[in-house]
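A.B. asks: Dropping a structure here in structure tokens format, bear with me for questions.
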Amino acid sequence: MRKRKKSPVINWKRAAPVAGAVLLAACLYAAGSSSADPQKTVARFQQAMEENNAKLLFSQVTLPETAAERSMWTEDAANQMIAAVKASGKLAELVADLSKEAEQYQEKSGAAPASSEEKSGESTFVLKKNGKKWLFFDDYKVQYTPAYAKTTVPREITLSTDEQGVEIKQSSSRSSADNQAYIIGPLLPGEHRIKAKMQTDFGEVESETRFTVPIGKVPAVTVNLETKKVKIAANLPGGQLYYQGKPIEAEFSQSWGTYTATIEDVPFAPLDFTLKVQTPFGELEQQKTLAQSDTSLEFAFDLAGAPQFKSTIKGVLLEYEKAWVEFVKDKSSMKGLAPLLAKDSPKIAQFQREIAEVPKLVFAGKLTGLAINYSSATMDDPTHLQVTAKVTYEGKWMHSESKIVTQEGKEEHYMTFDLQLAGDSWKILDSRENYVWSTDKGTYEDVPLNE
């Protein structure tokens with residue numbers, strides 16, 4: 001009888017580790033093969049976008065190798081990227097492009113497709129090999145190429161940002177003698193901000209500019225400092241504007257009796273300005289507050305406040321009225337009047353005609369009052385001014401030959417006097433009587449006649 005052979009006995013203590021290793025290797029191979037499939041990377045990218053899964057997107061997207069850009073990629077940045085892609089409406093287009101790149105990787109056995117090259121200056125997504133996984137398998141990531149924005153500002157403006165990893169660098173492109181071009185980046189999709197500062201005559205002006213980086217080409221950034229132009233107006237020439245005691249460059253020009261200047265780069269804030277006017281009668285000074293929203297400021301000076309104005313004007317008018325009364329008593333000579341008249345005064349020809357008249361109508365009355373409205377004074381320029389006065393007489397007019405009185409009684413005349421500065425002295429250029437309905441009813445100050 002033949003003996004049956006014994007079946008071999010399996011040593012499970014030795015076989016179990018081997019079997020486990022084989023199983024683990026199979027699992028790892030399956031996982032590695034899945035990871036090495038670029039289409040699955042694209043699918044996870046799409047899933048993260050559609051489900052607003054920032055954590056998943058963070059694991060599927062990478063940035064270029066520079067340390068600055070790497071440090072920018074966070075889950076918060078992933079959230080911004082999801083919002084930007086959805087706002088662009090380009091998710092389907094992006095997924096389709098990435099899928100085509102994945103196909104090209106597969107067809108070329110891992111060789112990078114031409115379309116995976118980054119486009120300079122644009123924010124783009126491309127499929128990239130991200131090294132090896134578990135030594136043997138290609139790893140794929142969606143690489144986002146950060147964008148760079150451009151802006152050009154006047155050279156007086158400085159730009160800065162507190163965003164991590166973002167730099168603002170000067171560029172020679174599009175720069176000029178007056179303007180400086182800058183490149184801002186690297187930038188992830190979403191909203192960004194930069195600060196602009198400029199030193200002006202009124203202190204430092206600062207503003208924040210917010211801009212959005214889209215998917216694709218980034219438009220130029222427009223930086224606006226919140227400043228304004230302000231029109232300064234005054235009723236007298238020769239003004240010098242001051243802010244906090246410092247002179248401000250403001251060139252005044254005349255228009256319809258008003259002197260105006262425009263200042264720029266004024267911040268939107270309450271500001272106190274001082275205008276000093278040099279007049280032939282001394283300096284006048286006035287302070288005004290520019291409200292935050294105002295774009296104009298008006299200074300109305302009263303010449304009567306100038307140190308030497310009243311004494312000068314009353315002296316000129318009183319001397320002229322007294323000399324005129326003496327002249328019209330016989331109308332024989334301009335000896336007393338001539339020194340008081342400007343060289344081109346039309347009064348000279350008028351008085352000469354009166355001297356030549358035969359018979360003459362002469363004055364036998366007297367000057368009884370002179371009152372001046374100093375606040376009515378206006379200046380066309382530093383050498384010409386107008387002022388209103390009220391002159392009263394004890395009137396008595398008669399023919400020089402017959403002595404017949406033709407007019408008698410109190411006379412009250414509201415007069416406008418035109419004065420001209422000749423050297424250091426004010427002369428009478430002209431005078432005219434005001435119509436009753438246009439008579440200035442302001443405050444008139446009496447002048448003592450015995451001065």
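Going by the structure tokens order, chains are called A, B, ..., each with residues numbered from 1, while ligands are numbered from 1 in the order shown.
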Using only C-alpha atoms, what does the table of segment 206-235 of chain A residues within 8 Å of segment 295-301 of chain A look like, with each row giving the shortest atom pair and its distance in Å to one decimal, sorted by chain and ascending number, as a tab-separated table?
C.D. replies:
```
residue	atom	partner	partner_atom	distance
A:Lys228	CA	A:Thr295	CA	7.1
A:Lys229	CA	A:Thr295	CA	6.4
A:Val230	CA	A:Thr295	CA	4.5
A:Lys231	CA	A:Ser296	CA	4.5
A:Ile232	CA	A:Leu297	CA	5.0
A:Ala233	CA	A:Glu298	CA	4.7
A:Ala234	CA	A:Phe299	CA	4.7
A:Asn235	CA	A:Ala300	CA	5.7
```
A.B. asks: Using only C-alpha atoms, which protein or nucleic acid residues come within 9 Å of segment 173-179 of chain A? Drop anything in the same chain fewer than 6 positions from it, and give the result as a VMD selection string.
C.D. replies: chain A and resid 152 to 156
A.B. asks: Pick the closest to Gln39 of chain A from A:Glu163, A:Asp446, A:Glu101, A:Asp330: which is it, counting only C-alpha atoms?
C.D. replies: A:Glu101
A.B. asks: Using only C-alpha atoms, find the one residue out of A:Gly165, A:Glu93, A:Tyr105, A:Ser171 that sits nearest to Ser71 of chain A.
C.D. replies: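 Closest residue, counting only C-alpha atoms: A:Gly165.
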A.B. asks: Name the residues in contact with segment 340-356 of chain A at a cut-off of 7 Å, using only C-alpha atoms, excluding same-chain residues fewer than 3 positions from it; report them as a PyMOL selection string.
C.D. replies: chain A and resi 320+331-332+337+420+427-430
A.B. asks: If you keep C-alpha atoms, can you produce a file of those selected residues as a CSV table (one decimal), in the first residue's frame?
C.D. replies:
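Output contents, as saved in out10.csv:
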```
chain,number,residue,atom,x,y,z
A,320,TYR,CA,-10.1,169.5,-3.4
A,331,LYS,CA,-13.4,181.2,-12.4
A,332,SER,CA,-10.4,183.2,-13.4
A,337,LEU,CA,-6.9,173.3,-8.4
A,420,GLN,CA,-5.2,158.2,-9.1
A,427,LYS,CA,-4.8,163.2,-7.2
A,428,ILE,CA,-8.4,163.7,-8.4
A,429,LEU,CA,-8.8,162.0,-11.8
A,430,ASP,CA,-12.6,162.7,-12.1
```
A.B. asks: Check the DSSP output for the backbone and give back, as a list of chain:residue names, the residues of segment 220-256 of chain A in strand (DSSP E or B).
C.D. replies: A:Thr227, A:Lys228, A:Lys229, A:Val230, A:Lys231, A:Ile232, A:Ala233, A:Ala234, A:Gly239, A:Gln240, A:Leu241, A:Tyr242, A:Tyr243, A:Lys246, A:Pro247, A:Ile248, A:Ser253, A:Gln254, A:Ser255
A.B. asks: Only N, CA and C atoms, please: the residues just picked out, written as a PDB file, in the first residue's frame.
C.D. replies:
```pdb
ATOM      1  N   THR A 227      -8.119 115.045  -3.688  1.00  0.00           N
ATOM      2  CA  THR A 227      -7.818 116.459  -3.532  1.00  0.00           C
ATOM      3  C   THR A 227      -8.743 117.263  -4.433  1.00  0.00           C
ATOM      4  N   LYS A 228      -8.702 118.552  -4.283  1.00  0.00           N
ATOM      5  CA  LYS A 228      -9.587 119.416  -5.075  1.00  0.00           C
ATOM      6  C   LYS A 228      -8.875 120.700  -5.453  1.00  0.00           C
ATOM      7  N   LYS A 229      -9.430 121.377  -6.451  1.00  0.00           N
ATOM      8  CA  LYS A 229      -8.987 122.721  -6.801  1.00  0.00           C
ATOM      9  C   LYS A 229      -9.887 123.721  -6.080  1.00  0.00           C
ATOM     10  N   VAL A 230      -9.283 124.801  -5.615  1.00  0.00           N
ATOM     11  CA  VAL A 230     -10.040 125.817  -4.891  1.00  0.00           C
ATOM     12  C   VAL A 230      -9.801 127.181  -5.523  1.00  0.00           C
ATOM     13  N   LYS A 231     -10.886 127.890  -5.766  1.00  0.00           N
ATOM     14  CA  LYS A 231     -10.811 129.234  -6.333  1.00  0.00           C
ATOM     15  C   LYS A 231     -10.802 130.251  -5.197  1.00  0.00           C
ATOM     16  N   ILE A 232      -9.777 131.079  -5.182  1.00  0.00           N
ATOM     17  CA  ILE A 232      -9.646 132.146  -4.189  1.00  0.00           C
ATOM     18  C   ILE A 232     -10.020 133.457  -4.859  1.00  0.00           C
ATOM     19  N   ALA A 233     -10.921 134.212  -4.251  1.00  0.00           N
ATOM     20  CA  ALA A 233     -11.366 135.489  -4.820  1.00  0.00           C
ATOM     21  C   ALA A 233     -11.200 136.606  -3.789  1.00  0.00           C
ATOM     22  N   ALA A 234     -10.802 137.772  -4.280  1.00  0.00           N
ATOM     23  CA  ALA A 234     -10.638 138.938  -3.406  1.00  0.00           C
ATOM     24  C   ALA A 234     -11.093 140.185  -4.158  1.00  0.00           C
ATOM     25  N   GLY A 239      -2.713 140.507  -3.492  1.00  0.00           N
ATOM     26  CA  GLY A 239      -2.896 139.548  -2.412  1.00  0.00           C
ATOM     27  C   GLY A 239      -1.816 138.482  -2.351  1.00  0.00           C
ATOM     28  N   GLN A 240      -1.473 138.071  -1.138  1.00  0.00           N
ATOM     29  CA  GLN A 240      -0.567 136.940  -0.896  1.00  0.00           C
ATOM     30  C   GLN A 240      -1.276 135.984   0.052  1.00  0.00           C
ATOM     31  N   LEU A 241      -1.425 134.733  -0.405  1.00  0.00           N
ATOM     32  CA  LEU A 241      -2.146 133.726   0.368  1.00  0.00           C
ATOM     33  C   LEU A 241      -1.186 132.991   1.296  1.00  0.00           C
ATOM     34  N   TYR A 242      -1.680 132.663   2.506  1.00  0.00           N
ATOM     35  CA  TYR A 242      -0.867 131.953   3.492  1.00  0.00           C
ATOM     36  C   TYR A 242      -1.666 130.787   4.066  1.00  0.00           C
ATOM     37  N   TYR A 243      -0.929 129.698   4.375  1.00  0.00           N
ATOM     38  CA  TYR A 243      -1.514 128.576   5.111  1.00  0.00           C
ATOM     39  C   TYR A 243      -0.558 128.206   6.226  1.00  0.00           C
ATOM     40  N   LYS A 246       2.739 129.974   6.223  1.00  0.00           N
ATOM     41  CA  LYS A 246       3.636 129.810   5.084  1.00  0.00           C
ATOM     42  C   LYS A 246       2.970 130.350   3.822  1.00  0.00           C
ATOM     43  N   PRO A 247       3.723 131.107   3.007  1.00  0.00           N
ATOM     44  CA  PRO A 247       3.139 131.635   1.766  1.00  0.00           C
ATOM     45  C   PRO A 247       2.808 130.518   0.780  1.00  0.00           C
ATOM     46  N   ILE A 248       1.670 130.636   0.132  1.00  0.00           N
ATOM     47  CA  ILE A 248       1.203 129.676  -0.864  1.00  0.00           C
ATOM     48  C   ILE A 248       1.249 130.341  -2.230  1.00  0.00           C
ATOM     49  N   SER A 253      -5.410 137.043 -10.906  1.00  0.00           N
ATOM     50  CA  SER A 253      -5.686 137.797 -12.132  1.00  0.00           C
ATOM     51  C   SER A 253      -7.022 138.506 -11.978  1.00  0.00           C
ATOM     52  N   GLN A 254      -7.182 139.624 -12.700  1.00  0.00           N
ATOM     53  CA  GLN A 254      -8.384 140.442 -12.555  1.00  0.00           C
ATOM     54  C   GLN A 254      -9.448 140.039 -13.569  1.00  0.00           C
ATOM     55  N   SER A 255     -10.686 140.003 -13.089  1.00  0.00           N
ATOM     56  CA  SER A 255     -11.824 139.736 -13.962  1.00  0.00           C
ATOM     57  C   SER A 255     -13.051 140.413 -13.371  1.00  0.00           C
TER      58      SER A 255
END
```
A.B. asks: Go through A:Val325, A:Ala261, A:Leu361, A:Leu385 one by one, measure the shortest atom-to-atom distance of each to Thr279 of chain A using only C-alpha atoms, and give the residue with the smallest value.
C.D. replies: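 For Thr279 of chain A, the nearest of the candidates is A:Leu385.
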A.B. asks: Find the spatial neighbours of Gly282 of chain A, counting only C-alpha atoms, within a cut-off of 7 Å - ignore same-chain residues fewer than 6 positions away - and output them as a PyMOL selection string.
C.D. replies: chain A and resi 306-308
A.B. asks: Identify, on the basis of only C-alpha atoms, every residue whose closest approach to Glu408 of chain A does not exceed 12 Å; exclude the query and any residue fewer than 3 positions from it along the same chain; express the result as a list in words.
C.D. replies: Phe363, Ala364, Gly365, Lys366, Tyr393, Glu394, Gly395, Lys396, Trp397, Met398, Ile404, Val405 and Glu411 of chain A
A.B. asks: Contacts of Thr124 of chain A at 12 Å or less, counting only C-alpha atoms, minus same-chain residues fewer than 5 places along, as a count of residues only?
C.D. replies: 32
A.B. asks: Using atom CA of Leu127 of chain A and atom CA of Lys141 of chain A as the two end points, give the distance in Å to one decimal.
C.D. replies: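 So the answer is 6.0 Å.
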A.B. asks: What is the atom CA of Glu206 of chain A-atom CA of Leu225 of chain A distance in Å, reported with one decimal?
C.D. replies: 6.7 Å
A.B. asks: Excluding Gly238 of chain A and its own-chain neighbours fewer than 6 positions away, which residues fall within 12 Å of it when counting only C-alpha atoms? Please give them as a list of chain:residue names.
C.D. replies: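 Non-adjacent residues within range: A:Ala250, A:Glu251, A:Phe252, A:Ser253, A:Gln254, A:Thr258, A:Tyr259, A:Thr260, A:Ala261, A:Leu275, A:Lys276, A:Val277, A:Gln278, A:Thr279, A:Pro280, A:Gly282, A:Glu283, A:Leu284, A:Glu285, A:Phe301, A:Met379, A:Asp380, A:Asp381, A:Pro382, A:Thr383.
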A.B. asks: Okay, now the selection with N, CA and C atoms, as a PDB file, in the first residue's frame?
C.D. replies:
```
ATOM      1  N   ALA A 250       0.028 131.475  -5.396  1.00  0.00           N
ATOM      2  CA  ALA A 250      -1.303 131.699  -5.967  1.00  0.00           C
ATOM      3  C   ALA A 250      -1.243 132.972  -6.802  1.00  0.00           C
ATOM      4  N   GLU A 251      -1.348 132.820  -8.093  1.00  0.00           N
ATOM      5  CA  GLU A 251      -1.236 133.958  -9.007  1.00  0.00           C
ATOM      6  C   GLU A 251      -2.626 134.535  -9.280  1.00  0.00           C
ATOM      7  N   PHE A 252      -2.844 135.757  -8.828  1.00  0.00           N
ATOM      8  CA  PHE A 252      -4.151 136.398  -8.967  1.00  0.00           C
ATOM      9  C   PHE A 252      -4.238 137.139 -10.305  1.00  0.00           C
ATOM     10  N   SER A 253      -5.410 137.043 -10.906  1.00  0.00           N
ATOM     11  CA  SER A 253      -5.686 137.797 -12.132  1.00  0.00           C
ATOM     12  C   SER A 253      -7.022 138.506 -11.978  1.00  0.00           C
ATOM     13  N   GLN A 254      -7.182 139.624 -12.700  1.00  0.00           N
ATOM     14  CA  GLN A 254      -8.384 140.442 -12.555  1.00  0.00           C
ATOM     15  C   GLN A 254      -9.448 140.039 -13.569  1.00  0.00           C
ATOM     16  N   THR A 258     -12.899 141.676  -9.817  1.00  0.00           N
ATOM     17  CA  THR A 258     -12.553 140.675  -8.805  1.00  0.00           C
ATOM     18  C   THR A 258     -11.201 140.054  -9.157  1.00  0.00           C
ATOM     19  N   TYR A 259     -10.420 139.767  -8.135  1.00  0.00           N
ATOM     20  CA  TYR A 259      -9.094 139.191  -8.329  1.00  0.00           C
ATOM     21  C   TYR A 259      -9.145 137.732  -7.875  1.00  0.00           C
ATOM     22  N   THR A 260      -8.856 136.824  -8.797  1.00  0.00           N
ATOM     23  CA  THR A 260      -9.007 135.399  -8.500  1.00  0.00           C
ATOM     24  C   THR A 260      -7.720 134.632  -8.769  1.00  0.00           C
ATOM     25  N   ALA A 261      -7.570 133.552  -8.024  1.00  0.00           N
ATOM     26  CA  ALA A 261      -6.455 132.620  -8.208  1.00  0.00           C
ATOM     27  C   ALA A 261      -6.972 131.218  -7.901  1.00  0.00           C
ATOM     28  N   LEU A 275      -5.235 135.734   3.876  1.00  0.00           N
ATOM     29  CA  LEU A 275      -4.860 136.530   2.705  1.00  0.00           C
ATOM     30  C   LEU A 275      -4.417 137.906   3.178  1.00  0.00           C
ATOM     31  N   LYS A 276      -3.219 138.265   2.782  1.00  0.00           N
ATOM     32  CA  LYS A 276      -2.685 139.593   3.107  1.00  0.00           C
ATOM     33  C   LYS A 276      -2.616 140.420   1.827  1.00  0.00           C
ATOM     34  N   VAL A 277      -3.093 141.636   1.909  1.00  0.00           N
ATOM     35  CA  VAL A 277      -3.112 142.534   0.755  1.00  0.00           C
ATOM     36  C   VAL A 277      -2.294 143.778   1.087  1.00  0.00           C
ATOM     37  N   GLN A 278      -1.328 144.069   0.229  1.00  0.00           N
ATOM     38  CA  GLN A 278      -0.540 145.282   0.395  1.00  0.00           C
ATOM     39  C   GLN A 278      -1.208 146.415  -0.388  1.00  0.00           C
ATOM     40  N   THR A 279      -1.638 147.434   0.318  1.00  0.00           N
ATOM     41  CA  THR A 279      -2.268 148.584  -0.328  1.00  0.00           C
ATOM     42  C   THR A 279      -1.391 149.819  -0.139  1.00  0.00           C
ATOM     43  N   PRO A 280      -1.633 150.886  -0.896  1.00  0.00           N
ATOM     44  CA  PRO A 280      -0.870 152.125  -0.693  1.00  0.00           C
ATOM     45  C   PRO A 280      -1.114 152.740   0.688  1.00  0.00           C
ATOM     46  N   GLY A 282      -1.278 150.799   3.527  1.00  0.00           N
ATOM     47  CA  GLY A 282      -0.868 149.844   4.540  1.00  0.00           C
ATOM     48  C   GLY A 282      -1.444 148.462   4.268  1.00  0.00           C
ATOM     49  N   GLU A 283      -1.064 147.504   5.080  1.00  0.00           N
ATOM     50  CA  GLU A 283      -1.445 146.103   4.858  1.00  0.00           C
ATOM     51  C   GLU A 283      -2.800 145.784   5.472  1.00  0.00           C
ATOM     52  N   LEU A 284      -3.570 144.978   4.739  1.00  0.00           N
ATOM     53  CA  LEU A 284      -4.822 144.423   5.252  1.00  0.00           C
ATOM     54  C   LEU A 284      -4.675 142.917   5.333  1.00  0.00           C
ATOM     55  N   GLU A 285      -5.276 142.324   6.343  1.00  0.00           N
ATOM     56  CA  GLU A 285      -5.169 140.885   6.548  1.00  0.00           C
ATOM     57  C   GLU A 285      -6.530 140.327   6.941  1.00  0.00           C
ATOM     58  N   PHE A 301     -12.357 142.653   1.488  1.00  0.00           N
ATOM     59  CA  PHE A 301     -11.632 143.610   2.323  1.00  0.00           C
ATOM     60  C   PHE A 301     -12.326 144.970   2.314  1.00  0.00           C
ATOM     61  N   MET A 379     -10.907 149.461  -5.503  1.00  0.00           N
ATOM     62  CA  MET A 379      -9.666 149.689  -6.237  1.00  0.00           C
ATOM     63  C   MET A 379      -9.664 148.866  -7.517  1.00  0.00           C
ATOM     64  N   ASP A 380      -9.464 149.523  -8.647  1.00  0.00           N
ATOM     65  CA  ASP A 380      -9.328 148.816  -9.908  1.00  0.00           C
ATOM     66  C   ASP A 380      -7.940 148.209 -10.045  1.00  0.00           C
ATOM     67  N   ASP A 381      -6.976 148.886  -9.482  1.00  0.00           N
ATOM     68  CA  ASP A 381      -5.596 148.425  -9.437  1.00  0.00           C
ATOM     69  C   ASP A 381      -4.904 149.225  -8.349  1.00  0.00           C
ATOM     70  N   PRO A 382      -3.660 148.940  -8.035  1.00  0.00           N
ATOM     71  CA  PRO A 382      -3.011 149.625  -6.912  1.00  0.00           C
ATOM     72  C   PRO A 382      -2.885 151.134  -7.067  1.00  0.00           C
ATOM     73  N   THR A 383      -3.160 151.703  -8.254  1.00  0.00           N
ATOM     74  CA  THR A 383      -2.993 153.153  -8.440  1.00  0.00           C
ATOM     75  C   THR A 383      -4.307 153.879  -8.730  1.00  0.00           C
TER      76      THR A 383
END
```
